[in-house]
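**Q** Once you've had a glance at the structure underneath, I'll fire off some questions.
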Amino acid sequence: MIYTLTGFMGCGKTSVGRALAERLGWEFIDLDEYIEHKLGRSISTVFATEGEEKFRAVEAEAVRDVIIMHQLTGTDLVLALGGGTLTIAPVQPLILEQTSCVYLRATADSLREWVKGSTDRPLLASADFDALLQSRIPIYEKAGTIIDVDSLSYDDVVNTLLG
Ligand code: S3P
């Protein structure tokens, strides 16, 4: 089984993913880290030199890699997606149908607070924060599970998910 974690930048996908994988004794993969390893370049560099479209193509390929790896090995894993991964049309059905997708939902105020000082997220500099969030909410809401994380610790989120 694969748990995927989705939600806007800053919602805690990586930290919750790590905590969840640890609790379950499963493998953990952070998609952004996976991409950076695969390319040998930071995401900021890819955005700056090749643009967002190229990044999305690489991101889609990375999702396919991870799902194929899981199918071949049968390894249970937790995959923290990037904030934009679920918006990529060709991989959205793959994520929604082949994985158990969890949306870590937070208010715009919380998210703004949680990304404060972040320097490695190119879209924070180039996009309109509120407009981007609003455009993505209906996409995130396609996830099979939604958890409101504003006042929850990472462990609380894991407890909520696992019951
Ligand atoms: C992005 C979110 C980032 C990263 C890239 C694009 C987005 O991941 O994939 O900068 O489109 O929202 P996090 O959500 O982990 O910050």
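Ordering of the structure tokens sets the chain letters (A, B, ...), residue numbers begin anew at 1 in every chain, and ligands are numbered from 1 in the order given.
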I'd like a table as a Markdown table: residues in chain A with an atom no more than 10 Å from ligand 1, each row giving the shortest atom pair and its distance in Å to one decimal, only C-alpha atoms and all ligand atoms counted, sorted by chain and rising residue number.
**A**
```
| residue | atom | partner | partner_atom_place_in_ligand_line | distance |
| --- | --- | --- | --- | --- |
| A:Leu5 | CA | ligand 1 | 15 (O) | 9.9 |
| A:Thr6 | CA | ligand 1 | 14 (O) | 7.9 |
| A:Gly7 | CA | ligand 1 | 14 (O) | 6.9 |
| A:Phe8 | CA | ligand 1 | 14 (O) | 5.5 |
| A:Met9 | CA | ligand 1 | 14 (O) | 3.6 |
| A:Gly10 | CA | ligand 1 | 16 (O) | 5.9 |
| A:Cys11 | CA | ligand 1 | 14 (O) | 7.5 |
| A:Gly12 | CA | ligand 1 | 15 (O) | 7.9 |
| A:Lys13 | CA | ligand 1 | 15 (O) | 6.6 |
| A:Thr14 | CA | ligand 1 | 15 (O) | 6.8 |
| A:Ser15 | CA | ligand 1 | 15 (O) | 9.9 |
| A:Asp30 | CA | ligand 1 | 15 (O) | 8.2 |
| A:Leu31 | CA | ligand 1 | 9 (O) | 7.6 |
| A:Asp32 | CA | ligand 1 | 9 (O) | 5.5 |
| A:Glu33 | CA | ligand 1 | 9 (O) | 9.2 |
| A:Ile35 | CA | ligand 1 | 9 (O) | 9.0 |
| A:Ser42 | CA | ligand 1 | 10 (O) | 9.7 |
| A:Ile43 | CA | ligand 1 | 10 (O) | 6.3 |
| A:Ser44 | CA | ligand 1 | 10 (O) | 7.0 |
| A:Val46 | CA | ligand 1 | 10 (O) | 9.7 |
| A:Phe47 | CA | ligand 1 | 10 (O) | 8.1 |
| A:Glu52 | CA | ligand 1 | 6 (C) | 8.3 |
| A:Phe55 | CA | ligand 1 | 5 (C) | 8.2 |
| A:Arg56 | CA | ligand 1 | 6 (C) | 8.5 |
| A:Glu59 | CA | ligand 1 | 9 (O) | 7.9 |
| A:Ala80 | CA | ligand 1 | 15 (O) | 7.6 |
| A:Leu81 | CA | ligand 1 | 15 (O) | 6.6 |
| A:Gly82 | CA | ligand 1 | 8 (O) | 3.7 |
| A:Gly83 | CA | ligand 1 | 14 (O) | 3.4 |
| A:Gly84 | CA | ligand 1 | 11 (O) | 3.6 |
| A:Thr85 | CA | ligand 1 | 11 (O) | 6.9 |
| A:Leu86 | CA | ligand 1 | 11 (O) | 9.2 |
| A:Thr87 | CA | ligand 1 | 11 (O) | 8.4 |
| A:Ile88 | CA | ligand 1 | 11 (O) | 9.8 |
| A:Val115 | CA | ligand 1 | 16 (O) | 8.4 |
| A:Ser118 | CA | ligand 1 | 16 (O) | 9.0 |
| A:Thr119 | CA | ligand 1 | 10 (O) | 10.0 |
| A:Asp120 | CA | ligand 1 | 10 (O) | 7.0 |
| A:Arg121 | CA | ligand 1 | 10 (O) | 4.3 |
| A:Pro122 | CA | ligand 1 | 10 (O) | 5.5 |
| A:Leu123 | CA | ligand 1 | 10 (O) | 6.0 |
| A:Leu124 | CA | ligand 1 | 10 (O) | 8.1 |
| A:Ala127 | CA | ligand 1 | 11 (O) | 9.6 |
| A:Phe129 | CA | ligand 1 | 12 (O) | 9.8 |
| A:Leu132 | CA | ligand 1 | 12 (O) | 8.4 |
| A:Leu133 | CA | ligand 1 | 12 (O) | 8.8 |
| A:Arg136 | CA | ligand 1 | 12 (O) | 9.1 |
```
**Q** Any chance you could list, as a list in words, the residues in segment 35-107 of chain A that come up strand (DSSP E) when DSSP is run on the backbone?
**A**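 Checking each residue of segment 35-107 of chain A, the strand (DSSP E) ones are Leu77, Val78, Leu79, Ala80, Ser100, Cys101, Val102, Tyr103, Leu104 and Arg105 of chain A.
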**Q** Put those residues in a file: all heavy atoms, as a CSV table (one decimal), in the first residue's frame.
**A**
```csv
chain,number,residue,atom,x,y,z
A,77,LEU,N,4.8,2.0,1.4
A,77,LEU,CA,5.5,3.2,1.6
A,77,LEU,C,4.6,4.4,1.8
A,77,LEU,O,3.4,4.4,1.4
A,77,LEU,CB,6.5,3.4,0.5
A,77,LEU,CG,6.0,3.5,-0.9
A,77,LEU,CD1,5.9,5.0,-1.4
A,77,LEU,CD2,7.0,2.8,-1.9
A,78,VAL,N,5.2,5.5,2.4
A,78,VAL,CA,4.5,6.8,2.5
A,78,VAL,C,5.3,7.7,1.5
A,78,VAL,O,6.5,7.8,1.6
A,78,VAL,CB,4.6,7.3,3.9
A,78,VAL,CG1,4.0,8.7,4.0
A,78,VAL,CG2,3.9,6.3,4.9
A,79,LEU,N,4.5,8.4,0.7
A,79,LEU,CA,5.1,9.3,-0.3
A,79,LEU,C,4.5,10.7,0.0
A,79,LEU,O,3.3,11.0,-0.2
A,79,LEU,CB,4.7,8.9,-1.7
A,79,LEU,CG,5.1,9.8,-2.9
A,79,LEU,CD1,6.6,9.9,-3.0
A,79,LEU,CD2,4.5,9.2,-4.2
A,80,ALA,N,5.4,11.6,0.4
A,80,ALA,CA,5.0,13.0,0.5
A,80,ALA,C,5.1,13.7,-0.9
A,80,ALA,O,6.2,13.8,-1.4
A,80,ALA,CB,5.9,13.7,1.5
A,100,SER,N,-3.5,5.6,-1.4
A,100,SER,CA,-4.5,6.2,-0.4
A,100,SER,C,-4.0,7.6,-0.2
A,100,SER,O,-3.0,7.9,0.5
A,100,SER,CB,-4.4,5.3,0.8
A,100,SER,OG,-5.4,5.7,1.7
A,101,CYS,N,-4.8,8.6,-0.8
A,101,CYS,CA,-4.3,9.9,-0.8
A,101,CYS,C,-5.0,10.8,0.3
A,101,CYS,O,-6.2,10.7,0.5
A,101,CYS,CB,-4.6,10.6,-2.2
A,101,CYS,SG,-4.0,12.2,-2.4
A,102,VAL,N,-4.1,11.5,1.1
A,102,VAL,CA,-4.6,12.2,2.2
A,102,VAL,C,-4.3,13.7,2.0
A,102,VAL,O,-3.1,14.1,1.8
A,102,VAL,CB,-3.9,11.7,3.5
A,102,VAL,CG1,-4.4,12.5,4.7
A,102,VAL,CG2,-4.0,10.2,3.7
A,103,TYR,N,-5.3,14.5,2.1
A,103,TYR,CA,-5.1,16.0,2.0
A,103,TYR,C,-4.9,16.6,3.4
A,103,TYR,O,-5.8,16.5,4.2
A,103,TYR,CB,-6.3,16.6,1.3
A,103,TYR,CG,-6.5,18.1,1.3
A,103,TYR,CD1,-5.4,18.9,1.4
A,103,TYR,CD2,-7.7,18.7,1.1
A,103,TYR,CE1,-5.5,20.3,1.3
A,103,TYR,CE2,-7.9,20.0,1.1
A,103,TYR,CZ,-6.8,20.9,1.2
A,103,TYR,OH,-6.9,22.2,1.1
A,104,LEU,N,-3.8,17.2,3.6
A,104,LEU,CA,-3.5,17.9,4.9
A,104,LEU,C,-4.0,19.3,4.7
A,104,LEU,O,-3.3,20.2,4.1
A,104,LEU,CB,-2.0,17.9,5.2
A,104,LEU,CG,-1.4,16.5,5.3
A,104,LEU,CD1,0.1,16.6,5.7
A,104,LEU,CD2,-2.2,15.5,6.2
A,105,ARG,N,-5.2,19.6,5.1
A,105,ARG,CA,-5.9,20.9,4.8
A,105,ARG,C,-5.6,21.9,5.9
A,105,ARG,O,-5.7,21.6,7.1
A,105,ARG,CB,-7.4,20.7,4.7
A,105,ARG,CG,-8.2,21.9,4.4
A,105,ARG,CD,-9.6,21.6,3.9
A,105,ARG,NE,-10.4,21.0,5.0
A,105,ARG,CZ,-11.6,20.5,4.7
A,105,ARG,NH1,-12.2,20.5,3.5
A,105,ARG,NH2,-12.3,19.9,5.7
```
**Q** Using DSSP on the backbone, list every residue of chain A that comes out as helix (DSSP H, G or I), and give them as a PyMOL selection string.
**A** chain A and resi 13-24+31-39+43-50+52-73+85-87+92-98+108-114+122-126+129-140+154-162
**Q** With a distance cut-off of 9 Å and only C-alpha atoms, select the neighbouring residues of Val91 of chain A, excluding the residue or stretch itself and same-chain residues fewer than 5 positions from it, and output the selection as a list in words.
**A**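 Non-adjacent residues within range: Ala60, Glu61, Val63, Arg64, Thr85, Leu86 and Leu96 of chain A.
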**Q** Restricting the calculation to only C-alpha atoms: of A:Leu162, A:Tyr34, A:Asp109, A:Thr4, which residue gets closest to Ala143 of chain A?
**A**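 So, comparing all the options, the nearest one is A:Thr4.
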**Q** Please determine, counting only C-alpha atoms, which residue among A:Asp150, A:Gly74, A:Ser135, A:Ile67 has the shortest atom-to-atom distance to Arg112 of chain A.
**A**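 Answer, going by the shortest atom-to-atom distance: A:Asp150.
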**Q** Check the smallest atom-to-atom distance from each of A:Val58, A:Val149, A:Glu50, A:Gly144 to Lys38 of chain A using only C-alpha atoms, then report the winner.
**A**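 Nearest candidate to Lys38 of chain A out of A:Val58, A:Val149, A:Glu50, A:Gly144: A:Val58.
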**Q** Have a look at atom CA of Gly163 of chain A and atom CA of Asp76 of chain A and let me know their distance in Å, one decimal.
**A** 18.7 Å
**Q** Using only C-alpha atoms, which of the listed residues (A:Asp155, A:Thr160, A:Leu94, A:Leu39) sits closest to Arg18 of chain A?
**A**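 Residue with the minimum atom-to-atom distance to Arg18 of chain A: A:Asp155.
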